[in-house]
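Asker: This is work-v8.tsv (TSV, C-alpha atoms and all ligand atoms).
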```tsv
chain	number	residue	atom	x	y	z
B	1	MET	CA	-2.15	24.17	-5.54
B	2	THR	CA	-1.03	21.00	-3.81
B	3	SER	CA	2.60	19.91	-3.97
B	4	VAL	CA	3.37	16.28	-3.40
B	5	LEU	CA	6.64	14.47	-2.76
B	6	ILE	CA	6.34	10.76	-3.51
B	7	THR	CA	8.99	8.38	-2.19
B	8	GLY	CA	9.26	4.88	-3.61
B	9	ALA	CA	7.88	6.46	-6.77
B	10	HIS	CA	8.67	3.52	-9.06
B	11	GLY	CA	6.79	0.93	-7.02
B	12	GLN	CA	3.25	-0.30	-7.59
B	13	VAL	CA	1.54	2.44	-5.61
B	14	GLY	CA	4.24	5.09	-6.02
B	15	SER	CA	4.10	5.00	-9.82
B	16	GLU	CA	0.30	5.34	-9.82
B	17	LEU	CA	0.53	8.19	-7.31
B	18	ALA	CA	2.97	10.05	-9.53
B	19	ALA	CA	0.83	9.56	-12.65
B	20	ALA	CA	-2.39	10.56	-10.89
B	21	ALA	CA	-0.86	13.63	-9.24
B	22	HIS	CA	0.55	14.77	-12.59
B	23	ALA	CA	-2.88	14.23	-14.15
B	24	ARG	CA	-4.39	16.48	-11.47
B	25	GLY	CA	-1.94	19.23	-12.37
B	26	TRP	CA	-0.22	19.14	-8.98
B	27	ALA	CA	3.42	20.00	-8.50
B	28	VAL	CA	4.98	16.54	-8.30
B	29	THR	CA	8.37	15.47	-6.99
B	30	ALA	CA	8.54	11.72	-7.66
B	31	LEU	CA	11.65	10.08	-6.22
B	32	GLY	CA	12.51	6.43	-6.83
B	33	SER	CA	14.96	4.55	-4.63
B	34	ALA	CA	17.88	5.65	-6.85
B	35	ASP	CA	16.89	9.31	-6.34
B	36	LEU	CA	16.25	9.11	-2.61
B	37	ASP	CA	17.22	6.30	-0.26
B	38	ILE	CA	14.88	6.92	2.67
B	39	THR	CA	17.35	5.25	5.07
B	40	ASP	CA	19.92	7.99	4.36
B	41	ALA	CA	19.30	10.72	6.96
B	42	ALA	CA	21.22	13.46	5.15
B	43	ALA	CA	19.54	12.67	1.82
B	44	VAL	CA	16.09	12.67	3.41
B	45	ASP	CA	16.74	16.00	5.07
B	46	ALA	CA	18.02	17.51	1.82
B	47	ALA	CA	15.06	16.21	-0.20
B	48	VAL	CA	12.44	17.41	2.29
B	49	THR	CA	14.17	20.78	2.71
B	50	ALA	CA	14.18	21.31	-1.06
B	51	PHE	CA	10.58	20.13	-1.36
B	52	SER	CA	9.38	22.42	1.38
B	53	GLN	CA	11.19	25.41	-0.17
B	54	ASP	CA	9.95	24.62	-3.70
B	55	SER	CA	6.38	24.19	-2.55
B	56	ALA	CA	6.36	27.14	-0.15
B	57	SER	CA	4.20	29.30	-2.37
B	58	ASP	CA	2.45	29.34	-5.70
B	59	PRO	CA	4.62	31.33	-8.16
B	60	ASP	CA	1.52	32.80	-9.82
B	61	THR	CA	-0.60	33.75	-6.84
B	62	GLY	CA	1.94	33.84	-4.00
B	63	ALA	CA	-0.50	31.77	-1.90
B	64	ARG	CA	0.98	29.10	0.37
B	65	ASN	CA	0.77	25.67	-1.21
B	66	ARG	CA	-0.26	22.59	0.65
B	67	ALA	CA	2.79	20.33	0.76
B	68	VAL	CA	2.32	16.60	1.34
B	69	ILE	CA	4.84	13.75	1.39
B	70	ILE	CA	3.41	10.34	0.56
B	71	ASN	CA	5.79	7.57	1.55
B	72	ALA	CA	5.24	4.62	-0.78
B	73	ALA	CA	8.78	3.29	-0.25
B	74	ALA	CA	9.03	-0.02	1.59
B	75	HIS	CA	10.83	-3.33	1.80
B	76	THR	CA	7.89	-5.43	0.59
B	77	ALA	CA	9.60	-8.80	0.04
B	78	VAL	CA	7.65	-10.54	2.80
B	79	ASP	CA	9.48	-13.89	2.73
B	80	LEU	CA	12.93	-12.37	2.21
B	81	ALA	CA	12.39	-10.12	5.25
B	82	GLU	CA	12.45	-13.20	7.52
B	83	THR	CA	16.17	-13.57	6.79
B	84	ASP	CA	16.96	-9.95	5.91
B	85	GLN	CA	15.66	-8.33	9.09
B	86	GLU	CA	18.23	-5.56	9.15
B	87	ARG	CA	17.21	-4.28	5.72
B	88	ALA	CA	13.49	-4.70	6.47
B	89	TYR	CA	13.75	-2.58	9.63
B	90	ALA	CA	16.02	-0.02	7.95
B	91	VAL	CA	13.53	0.62	5.15
B	92	ASN	CA	10.28	0.00	7.00
B	93	GLU	CA	11.09	1.61	10.38
B	94	ARG	CA	14.15	3.86	10.26
B	95	GLY	CA	13.40	5.44	6.85
B	96	PRO	CA	9.79	6.37	7.69
B	97	GLY	CA	11.00	7.78	11.02
B	98	LEU	CA	13.50	9.99	9.21
B	99	LEU	CA	10.84	11.18	6.78
B	100	ALA	CA	8.46	11.97	9.63
B	101	ALA	CA	11.10	13.93	11.54
B	102	ALA	CA	11.93	15.95	8.43
B	103	ALA	CA	8.24	16.51	7.65
B	104	SER	CA	7.68	17.76	11.18
B	105	ARG	CA	10.71	20.10	11.06
B	106	HIS	CA	9.53	21.62	7.79
B	107	ASP	CA	5.82	21.74	8.63
B	108	VAL	CA	4.93	19.44	5.73
B	109	HIS	CA	2.15	16.83	5.91
B	110	LEU	CA	3.12	13.16	5.82
B	111	VAL	CA	0.99	10.23	4.65
B	112	HIS	CA	2.73	6.93	5.33
B	113	LEU	CA	1.62	3.59	3.87
B	114	SER	CA	1.40	0.46	5.97
B	115	THR	CA	-0.08	-3.00	5.79
B	116	ASP	CA	-2.74	-5.46	6.92
B	117	TYR	CA	0.16	-7.70	8.03
B	118	VAL	CA	0.43	-5.68	11.26
B	119	PHE	CA	-2.57	-7.74	12.42
B	120	PRO	CA	-2.44	-11.34	13.66
B	121	GLY	CA	-5.27	-12.43	11.35
B	122	SER	CA	-7.40	-14.11	13.99
B	123	ALA	CA	-10.40	-11.75	13.73
B	124	ASP	CA	-13.81	-12.70	12.39
B	125	ARG	CA	-14.84	-9.19	11.35
B	126	PRO	CA	-12.98	-6.46	9.44
B	127	TYR	CA	-10.14	-4.87	11.40
B	128	GLU	CA	-10.62	-1.29	12.59
B	129	PRO	CA	-7.56	0.98	12.84
B	130	THR	CA	-7.89	0.91	16.62
B	131	ASP	CA	-7.86	-2.90	16.90
B	132	ALA	CA	-4.93	-4.57	18.62
B	133	THR	CA	-2.03	-5.34	16.34
B	134	GLY	CA	0.10	-8.50	16.50
B	135	PRO	CA	2.21	-9.10	13.41
B	136	ARG	CA	3.18	-12.68	12.60
B	137	SER	CA	6.09	-11.93	10.28
B	138	VAL	CA	9.26	-9.83	10.29
B	139	TYR	CA	7.76	-7.75	7.49
B	140	GLY	CA	4.61	-7.06	9.53
B	141	ALA	CA	6.63	-6.29	12.66
B	142	SER	CA	8.94	-3.93	10.77
B	143	LYS	CA	5.95	-2.11	9.27
B	144	LEU	CA	4.32	-1.77	12.70
B	145	ALA	CA	7.61	-0.40	14.04
B	146	GLY	CA	7.52	2.06	11.13
B	147	GLU	CA	4.02	3.25	12.05
B	148	ARG	CA	5.24	3.91	15.58
B	149	ALA	CA	8.41	5.65	14.41
B	150	VAL	CA	6.32	7.91	12.18
B	151	HIS	CA	3.94	8.92	14.94
B	152	ALA	CA	6.74	9.37	17.46
B	153	ALA	CA	8.47	11.86	15.14
B	154	ASP	CA	5.34	13.48	13.69
B	155	PRO	CA	2.11	12.94	15.67
B	156	THR	CA	0.07	14.69	12.94
B	157	ALA	CA	1.17	12.21	10.24
B	158	VAL	CA	-1.46	9.86	8.83
B	159	VAL	CA	-0.72	6.15	8.54
B	160	VAL	CA	-2.78	4.42	5.84
B	161	ARG	CA	-2.84	0.64	5.94
B	162	THR	CA	-3.71	-1.20	2.77
B	163	ALA	CA	-3.66	-4.83	1.60
B	164	TRP	CA	-3.10	-7.27	-1.27
B	165	VAL	CA	-1.86	-4.61	-3.71
B	166	TRP	CA	-1.74	-5.28	-7.44
B	167	GLY	CA	-1.39	-3.05	-10.48
B	168	ALA	CA	0.14	-2.59	-13.90
B	169	THR	CA	3.63	-1.80	-12.54
B	170	GLY	CA	5.88	-4.30	-10.77
B	171	GLY	CA	5.38	-7.91	-9.79
B	172	ASN	CA	2.17	-8.97	-8.07
B	173	PHE	CA	-0.37	-11.78	-7.69
B	174	VAL	CA	-2.38	-10.86	-10.79
B	175	LYS	CA	0.72	-11.01	-12.97
B	176	THR	CA	1.78	-14.29	-11.36
B	177	MET	CA	-1.63	-15.83	-12.02
B	178	ALA	CA	-1.64	-14.50	-15.59
B	179	ALA	CA	1.74	-16.17	-16.20
B	180	LEU	CA	0.59	-19.45	-14.62
B	181	GLU	CA	-2.58	-19.37	-16.70
B	182	ARG	CA	-0.41	-19.33	-19.81
B	183	SER	CA	1.99	-22.03	-18.66
B	184	ARG	CA	0.00	-24.60	-16.63
B	185	PRO	CA	-3.21	-26.54	-17.07
B	186	THR	CA	-4.22	-26.07	-13.40
B	187	VAL	CA	-3.07	-23.94	-10.47
B	188	ASP	CA	-3.51	-24.63	-6.74
B	189	VAL	CA	-4.17	-21.51	-4.65
B	190	VAL	CA	-4.80	-21.16	-0.90
B	191	ASP	CA	-8.43	-20.81	0.09
B	192	ASP	CA	-7.93	-20.20	3.82
B	193	GLN	CA	-6.57	-16.64	3.82
B	194	ARG	CA	-9.15	-13.86	3.49
B	195	GLY	CA	-8.46	-10.29	2.54
B	196	THR	CA	-9.19	-7.63	-0.06
B	197	PRO	CA	-7.30	-7.25	-3.33
B	198	SER	CA	-6.53	-3.58	-3.86
B	199	TYR	CA	-5.83	-1.96	-7.22
B	200	ALA	CA	-2.86	0.40	-7.04
B	201	ALA	CA	-4.52	3.00	-9.28
B	202	ASP	CA	-7.59	3.11	-7.01
B	203	LEU	CA	-5.35	3.39	-3.94
B	204	ALA	CA	-3.52	6.29	-5.57
B	205	ALA	CA	-6.78	8.11	-6.27
B	206	GLY	CA	-7.87	7.63	-2.66
B	207	LEU	CA	-4.53	8.75	-1.28
B	208	LEU	CA	-4.60	11.93	-3.38
B	209	GLU	CA	-8.12	12.63	-2.13
B	210	LEU	CA	-6.76	12.29	1.40
B	211	ALA	CA	-3.76	14.50	0.58
B	212	ASP	CA	-6.11	17.24	-0.62
B	213	SER	CA	-8.65	16.91	2.19
B	214	ALA	CA	-9.50	19.31	4.99
B	215	TRP	CA	-9.28	16.29	7.32
B	216	LEU	CA	-5.54	15.89	6.68
B	217	ALA	CA	-4.85	19.49	7.65
B	218	ASP	CA	-6.13	19.19	11.25
B	219	ALA	CA	-3.05	20.41	13.12
B	220	ALA	CA	-4.45	19.23	16.48
B	221	ALA	CA	-4.79	15.62	15.30
B	222	SER	CA	-2.51	12.96	16.71
B	223	GLY	CA	-1.67	9.36	15.89
B	224	ARG	CA	-4.15	8.97	13.05
B	225	VAL	CA	-4.45	5.61	11.29
B	226	LEU	CA	-6.82	4.85	8.40
B	227	HIS	CA	-7.55	1.71	6.36
B	228	LEU	CA	-7.88	1.87	2.57
B	229	THR	CA	-8.61	-1.08	0.29
B	230	ASN	CA	-11.05	-1.81	-2.48
B	231	ALA	CA	-14.44	-2.92	-1.13
B	232	GLY	CA	-15.43	-6.52	-0.37
B	233	GLU	CA	-13.36	-9.56	0.51
B	234	THR	CA	-12.27	-12.91	-0.87
B	235	THR	CA	-9.56	-15.55	-0.52
B	236	TRP	CA	-6.46	-15.85	-2.71
B	237	PHE	CA	-8.28	-18.76	-4.38
B	238	GLY	CA	-11.33	-16.57	-5.06
B	239	PHE	CA	-9.07	-13.82	-6.36
B	240	ALA	CA	-7.23	-16.26	-8.64
B	241	ARG	CA	-10.50	-17.58	-10.08
B	242	ALA	CA	-11.66	-14.02	-10.75
B	243	ILE	CA	-8.34	-13.29	-12.48
B	244	PHE	CA	-8.70	-16.34	-14.72
B	245	ALA	CA	-12.26	-15.29	-15.57
B	246	ALA	CA	-11.19	-11.70	-16.29
B	247	LEU	CA	-8.49	-13.05	-18.63
B	248	GLY	CA	-11.08	-15.15	-20.48
B	249	ALA	CA	-9.75	-18.45	-19.07
B	250	ASP	CA	-11.75	-21.19	-17.35
B	251	PRO	CA	-11.83	-20.39	-13.58
B	252	GLU	CA	-12.27	-24.12	-12.82
B	253	ARG	CA	-8.58	-24.53	-13.67
B	254	VAL	CA	-7.86	-22.85	-10.30
B	255	ARG	CA	-8.12	-25.38	-7.48
B	256	PRO	CA	-8.33	-24.67	-3.74
B	257	THR	CA	-5.53	-25.65	-1.39
B	258	THR	CA	-4.57	-24.78	2.19
B	259	SER	CA	-1.81	-22.76	3.83
B	260	ALA	CA	-0.66	-25.98	5.50
B	261	ALA	CA	-0.05	-27.51	2.08
B	262	PHE	CA	1.65	-24.38	0.78
B	263	VAL	CA	4.10	-23.38	3.51
B	264	ARG	CA	6.09	-20.19	2.99
B	265	PRO	CA	8.96	-18.69	5.03
B	266	ALA	CA	6.77	-15.92	6.49
B	267	PRO	CA	3.40	-16.83	7.99
B	268	ARG	CA	0.45	-14.88	6.58
B	269	PRO	CA	-2.59	-13.66	8.54
B	270	ALA	CA	-5.56	-15.96	7.94
B	271	TYR	CA	-7.94	-13.00	7.97
B	272	SER	CA	-6.86	-9.48	7.17
B	273	VAL	CA	-9.91	-7.66	5.87
B	274	LEU	CA	-9.57	-3.96	6.76
B	275	SER	CA	-12.64	-1.91	7.69
B	276	GLY	CA	-13.13	1.29	5.71
B	277	GLN	CA	-15.35	2.91	8.35
B	278	ALA	CA	-12.70	5.33	9.62
B	279	TRP	CA	-11.88	6.32	6.03
B	280	ALA	CA	-15.54	7.14	5.36
B	281	ALA	CA	-15.86	8.93	8.72
B	282	ALA	CA	-13.01	11.21	7.59
B	283	GLY	CA	-15.28	12.26	4.70
B	284	LEU	CA	-13.31	10.29	2.09
B	285	ALA	CA	-14.88	8.26	-0.72
B	286	PRO	CA	-14.77	4.46	-0.42
B	287	LEU	CA	-13.11	2.56	-3.25
B	288	ARG	CA	-15.13	0.39	-5.63
B	289	PRO	CA	-15.47	-3.39	-5.13
B	290	TRP	CA	-12.26	-5.35	-5.75
B	291	ASP	CA	-13.74	-7.43	-8.60
B	292	GLU	CA	-14.86	-4.31	-10.50
B	293	ALA	CA	-11.36	-2.89	-10.08
B	294	LEU	CA	-9.88	-6.16	-11.36
B	295	ALA	CA	-11.98	-6.11	-14.52
B	296	ALA	CA	-11.17	-2.44	-15.12
B	297	GLY	CA	-7.45	-2.86	-14.47
B	298	ILE	CA	-7.07	-5.77	-16.87
B	299	THR	CA	-9.09	-3.97	-19.55
B	300	ASP	CA	-7.15	-0.73	-19.09
B	301	HIS	CA	-3.71	-2.40	-19.25
B	302	PRO	CA	-4.01	-5.34	-21.65
B	303	GLY	CA	-0.25	-5.44	-22.23
B	304	ALA	CA	0.69	-5.51	-18.54
B	305	PHE	CA	-0.87	-8.91	-17.88
B	306	ALA	CA	-0.30	-10.52	-21.27
B	307	GLY	CA	3.26	-11.67	-20.55
B	401	LIG	N1	2.35	-5.02	-2.13
B	401	LIG	C1	1.36	-5.32	-1.28
B	401	LIG	O1	0.64	-6.31	-1.46
B	401	LIG	C2	1.12	-4.46	-0.08
B	401	LIG	C3	0.14	-4.87	0.84
B	401	LIG	C4	-0.11	-4.07	1.95
B	401	LIG	C5	0.58	-2.90	2.13
B	401	LIG	N2	1.53	-2.54	1.24
B	401	LIG	C6	2.27	-1.29	1.50
B	401	LIG	O2	1.97	-0.37	0.47
B	401	LIG	C7	3.10	0.44	0.22
B	401	LIG	C8	3.45	0.40	-1.27
B	401	LIG	O3	3.69	-0.96	-1.63
B	401	LIG	P1	3.98	-1.38	-3.12
B	401	LIG	O4	3.24	-2.63	-3.38
B	401	LIG	O5	3.80	-0.21	-4.03
B	401	LIG	O6	5.52	-1.74	-2.98
B	401	LIG	P2	6.61	-1.96	-4.11
B	401	LIG	O7	5.98	-2.10	-5.44
B	401	LIG	O8	7.52	-3.02	-3.60
B	401	LIG	O9	7.37	-0.56	-4.11
B	401	LIG	C9	8.16	-0.17	-3.04
B	401	LIG	C10	9.18	0.77	-3.58
B	401	LIG	O10	10.02	1.18	-2.49
B	401	LIG	C11	11.32	1.31	-3.02
B	401	LIG	N3	12.32	1.24	-1.97
B	401	LIG	C12	12.81	0.15	-1.35
B	401	LIG	N4	13.76	0.52	-0.47
B	401	LIG	C13	13.86	1.86	-0.54
B	401	LIG	C14	14.67	2.83	0.10
B	401	LIG	N5	15.59	2.49	1.02
B	401	LIG	N6	14.50	4.13	-0.22
B	401	LIG	C15	13.60	4.49	-1.15
B	401	LIG	N7	12.81	3.63	-1.81
B	401	LIG	C16	12.95	2.33	-1.49
B	401	LIG	C17	11.47	0.18	-4.00
B	401	LIG	O11	12.46	0.50	-4.92
B	401	LIG	P3	13.48	-0.65	-5.44
B	401	LIG	O12	12.62	-1.65	-6.13
B	401	LIG	O13	14.41	0.10	-6.32
B	401	LIG	O14	14.13	-1.20	-4.19
B	401	LIG	C18	10.09	0.13	-4.64
B	401	LIG	O15	10.05	0.88	-5.83
B	401	LIG	C19	4.21	-0.07	1.14
B	401	LIG	O16	4.22	0.69	2.31
B	401	LIG	C20	3.77	-1.48	1.47
B	401	LIG	O17	4.29	-1.90	2.71
B	401	LIG	C21	1.80	-3.28	0.12
```
Starting from the coordinates I provided, produce the structure as structure tokens.
Answerer:
Amino acid sequence: MTSVLITGAHGQVGSELAAAAHARGWAVTALGSADLDITDAAAVDAAVTAFSQDSASDPDTGARNRAVIINAAAHTAVDLAETDQERAYAVNERGPGLLAAAASRHDVHLVHLSTDYVFPGSADRPYEPTDATGPRSVYGASKLAGERAVHAADPTAVVVRTAWVWGATGGNFVKTMAALERSRPTVDVVDDQRGTPSYAADLAAGLLELADSAWLADAAASGRVLHLTNAGETTWFGFARAIFAALGADPERVRPTTSAAFVRPAPRPAYSVLSGQAWAAAGLAPLRPWDEALAAGITDHPGAFAG
């Protein structure tokens, strides 16, 4: 039996993790921000202590359970982080560091989520986990600081970077495009930022596979970082056209524009495709192509994108 503690459990990825872990019959402790503020050291210690005690052994067999914390909590408001640095670092660096220290003290595995925005975006091939980082935004810098805080406190923890997350829960690009499709004749979307849209439900399935894997349990491992996205790549413009098509709207209503014409408070990496080679080398299944996931997600959750 695997026991999982999910932090940030009401977010896009956290909610899918909780649902998928329940569906697998795992023992699930799903804590939203109101249940556990990961920046509160005493609360983190209490939650991890209780989790480790509850998951110590299977009540039926007496066998020791595998206990895994998956940290899906984050300050993800990328533009807001530019002016709210204190909060961004509290949630994205200090909180993960506290979780990692508690995980290490209680001999519990930790999987910590991070982002493509740790990279500068100047590459011309998919980023490997070992490639040099160089965040261009406060959000990216705070997430990189979080990766380092996690590994400093718990060298066996696994950092999983993902990108361009969307799903049925919470606000995201697919919902924004669906709303614009209903309200505007045309929409201009940047065509000079490349990445990989990643469906939260697929990420959750991959993360649970990792949580259950022999690879995770390697006690001699240190400083591990993996990349997990759906397969393939596109631009935000390409993604928007695919969303219109999946909604049954004319994709030609989406027009290409540039980042220079659409300036935002936080700069975005121009290229942030993440290589899945390390994920596959760990014996874990790659996720399906992003456009297949898009079609499936919209079909599976017709109400979520209907406005
Ligand atoms: N969204 C993306 O496009 C994207 C891209 C790359 C990587 N990622 C990474 O993937 C992970 C999951 O992202 P997501 O899209 O699922 O994010 P999300 O939907 O914004 O969810 C994050 C959750 O964290 C919670 N949270 C915020 N501060 C907290 C605190 N102090 N203590 C506990 N919980 C707190 C939030 O709760 P409240 O709403 O109540 O504050 C929210 O439910 C994050 O590590 C993120 O950095 C996301």
Asker: Choose the residue, out of B:Ala42, B:Val118, B:Val160, B:Val165, that has the smallest atom-to-atom separation from ligand LIG 401 (chain B); count only C-alpha atoms and all ligand atoms.
Answerer: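 The answer is B:Val165, which sits nearest to ligand LIG 401 (chain B).
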Asker: Please report the interatomic distance between atom CA of B:Ile38 and atom CA of B:Pro129 in Å with one decimal.
Answerer: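 Rounded to one decimal, the two atoms are 25.3 Å apart.
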Asker: Name each residue within 8 Å of ligand LIG 401 (chain B), counting all atoms listed in the file, as a PyMOL selection string.
Answerer: chain B and resi 7-15+31-40+71-77+90-92+95+112-117+143+161-166+169-172+200
Asker: Would you save the residues of that selection, restricted to C-alpha atoms, as a PDB file, in the coordinates of the input?
Answerer:
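The result, written out as part_4.pdb:
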```
ATOM      1  CA  THR B   7       8.990   8.380  -2.190  1.00  0.00           C
ATOM      2  CA  GLY B   8       9.260   4.880  -3.610  1.00  0.00           C
ATOM      3  CA  ALA B   9       7.880   6.460  -6.770  1.00  0.00           C
ATOM      4  CA  HIS B  10       8.670   3.520  -9.060  1.00  0.00           C
ATOM      5  CA  GLY B  11       6.790   0.930  -7.020  1.00  0.00           C
ATOM      6  CA  GLN B  12       3.250  -0.300  -7.590  1.00  0.00           C
ATOM      7  CA  VAL B  13       1.540   2.440  -5.610  1.00  0.00           C
ATOM      8  CA  GLY B  14       4.240   5.090  -6.020  1.00  0.00           C
ATOM      9  CA  SER B  15       4.100   5.000  -9.820  1.00  0.00           C
ATOM     10  CA  LEU B  31      11.650  10.080  -6.220  1.00  0.00           C
ATOM     11  CA  GLY B  32      12.510   6.430  -6.830  1.00  0.00           C
ATOM     12  CA  SER B  33      14.960   4.550  -4.630  1.00  0.00           C
ATOM     13  CA  ALA B  34      17.880   5.650  -6.850  1.00  0.00           C
ATOM     14  CA  ASP B  35      16.890   9.310  -6.340  1.00  0.00           C
ATOM     15  CA  LEU B  36      16.250   9.110  -2.610  1.00  0.00           C
ATOM     16  CA  ASP B  37      17.220   6.300  -0.260  1.00  0.00           C
ATOM     17  CA  ILE B  38      14.880   6.920   2.670  1.00  0.00           C
ATOM     18  CA  THR B  39      17.350   5.250   5.070  1.00  0.00           C
ATOM     19  CA  ASP B  40      19.920   7.990   4.360  1.00  0.00           C
ATOM     20  CA  ASN B  71       5.790   7.570   1.550  1.00  0.00           C
ATOM     21  CA  ALA B  72       5.240   4.620  -0.780  1.00  0.00           C
ATOM     22  CA  ALA B  73       8.780   3.290  -0.250  1.00  0.00           C
ATOM     23  CA  ALA B  74       9.030  -0.020   1.590  1.00  0.00           C
ATOM     24  CA  HIS B  75      10.830  -3.330   1.800  1.00  0.00           C
ATOM     25  CA  THR B  76       7.890  -5.430   0.590  1.00  0.00           C
ATOM     26  CA  ALA B  77       9.600  -8.800   0.040  1.00  0.00           C
ATOM     27  CA  ALA B  90      16.020  -0.020   7.950  1.00  0.00           C
ATOM     28  CA  VAL B  91      13.530   0.620   5.150  1.00  0.00           C
ATOM     29  CA  ASN B  92      10.280   0.000   7.000  1.00  0.00           C
ATOM     30  CA  GLY B  95      13.400   5.440   6.850  1.00  0.00           C
ATOM     31  CA  HIS B 112       2.730   6.930   5.330  1.00  0.00           C
ATOM     32  CA  LEU B 113       1.620   3.590   3.870  1.00  0.00           C
ATOM     33  CA  SER B 114       1.400   0.460   5.970  1.00  0.00           C
ATOM     34  CA  THR B 115      -0.080  -3.000   5.790  1.00  0.00           C
ATOM     35  CA  ASP B 116      -2.740  -5.460   6.920  1.00  0.00           C
ATOM     36  CA  TYR B 117       0.160  -7.700   8.030  1.00  0.00           C
ATOM     37  CA  LYS B 143       5.950  -2.110   9.270  1.00  0.00           C
ATOM     38  CA  ARG B 161      -2.840   0.640   5.940  1.00  0.00           C
ATOM     39  CA  THR B 162      -3.710  -1.200   2.770  1.00  0.00           C
ATOM     40  CA  ALA B 163      -3.660  -4.830   1.600  1.00  0.00           C
ATOM     41  CA  TRP B 164      -3.100  -7.270  -1.270  1.00  0.00           C
ATOM     42  CA  VAL B 165      -1.860  -4.610  -3.710  1.00  0.00           C
ATOM     43  CA  TRP B 166      -1.740  -5.280  -7.440  1.00  0.00           C
ATOM     44  CA  THR B 169       3.630  -1.800 -12.540  1.00  0.00           C
ATOM     45  CA  GLY B 170       5.880  -4.300 -10.770  1.00  0.00           C
ATOM     46  CA  GLY B 171       5.380  -7.910  -9.790  1.00  0.00           C
ATOM     47  CA  ASN B 172       2.170  -8.970  -8.070  1.00  0.00           C
ATOM     48  CA  ALA B 200      -2.860   0.400  -7.040  1.00  0.00           C
TER      49      ALA B 200
END
```
Asker: For B:Gly25, work out the shell of residues within 10 Å, counting only C-alpha atoms and skipping chain neighbours fewer than 2 positions away, then give it as a list in words.
Answerer: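 So the residues in contact are Met1, Thr2, Ser3, Ala20, Ala21, His22, Ala23, Ala27 and Val28 of chain B.
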Asker: Point out the residue among B:Glu128, B:Asp154, B:Asp84, B:Glu209 with the least atom-to-atom distance to B:Leu284, counting all atoms listed in the file.
Answerer: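 Nearest candidate to B:Leu284 out of B:Glu128, B:Asp154, B:Asp84, B:Glu209: B:Glu209.
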Asker: Give me, please, the distance in Å between atom CA of B:Arg105 and atom CA of B:Thr130, quoted to one decimal.
Answerer: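 Result for atom CA of B:Arg105 versus atom CA of B:Thr130: 27.3 Å, one decimal.
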Asker: Between B:Gln53, B:Ser272, B:Gln193, B:Thr156, single out the one closest to B:Gly140, counting all atoms listed in the file.
Answerer: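 Ranking B:Gln53, B:Ser272, B:Gln193, B:Thr156 by distance to B:Gly140, first place goes to B:Ser272.
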Asker: Write out as a JSON list (two decimals) with C-alpha atoms, in the frame of the given file each polymer residue whose atoms come within 8 Å of B:Asp79, counting all atoms listed in the file; drop sequence neighbours fewer than 3 positions from it.
Answerer:
```
[["chain", "number", "residue", "atom", "x", "y", "z"],
["B", 82, "GLU", "CA", 12.45, -13.20, 7.52],
["B", 83, "THR", "CA", 16.17, -13.57, 6.79],
["B", 139, "TYR", "CA", 7.76, -7.75, 7.49],
["B", 264, "ARG", "CA", 6.09, -20.19, 2.99],
["B", 265, "PRO", "CA", 8.96, -18.69, 5.03],
["B", 266, "ALA", "CA", 6.77, -15.92, 6.49]]
```
Asker: Separation of atom CA of B:Lys175 and atom CA of B:Phe305, in Å?
Answerer: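 Taking atom CA of B:Lys175 as the start and atom CA of B:Phe305 as the end point, the length is 5.6 Å.
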Asker: Using all atoms listed in the file, which of B:Ala67, B:Ile6, B:Phe244, B:Trp26 sits nearest B:Ala179?
Answerer: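 Of B:Ala67, B:Ile6, B:Phe244, B:Trp26, the one nearest B:Ala179 is B:Phe244, counting all atoms listed in the file.
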Asker: Give the answer as one residue: which of B:Gly297, B:Gly195, B:Pro155, B:Gly206 has the shortest atom-to-atom distance to B:Leu247, using only C-alpha atoms?
Answerer: B:Gly297
Asker: Applying 8 Å and all atoms listed in the file, which residues near B:Asp202 remain after dropping the ones on its own chain fewer than 5 positions away? List them as a list in words.
Answerer: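 The residues satisfying every condition are Asn230, Leu287 and Ala293 of chain B.
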Asker: Using all atoms listed in the file, which residue out of B:Ala132, B:Ala245, B:Val273, B:Leu226 lies closest to B:Leu210?
Answerer: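 Among the listed residues, the smallest separation from B:Leu210 belongs to B:Leu226.
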Asker: Please work out which residues fall within 12 Å of (-9.4, -13.6, 0.3), coordinates as given in the file, with only C-alpha atoms counting, and return them as a VMD selection string.
Answerer: chain B and resid 121 163 to 164 189 to 198 231 to 242 256 268 to 274 290 to 291
Asker: With 4 Å of padding per side, what axis-aligned box (centre and edge lengths, Å, one decimal) covers all the listed atoms of stretch 236-254 of chain B? Give it as lines of an AutoDock Vina configuration file.
Answerer:
```
center_x = -9.4
center_y = -18.1
center_z = -11.6
size_x = 13.8
size_y = 20.8
size_z = 25.8
```
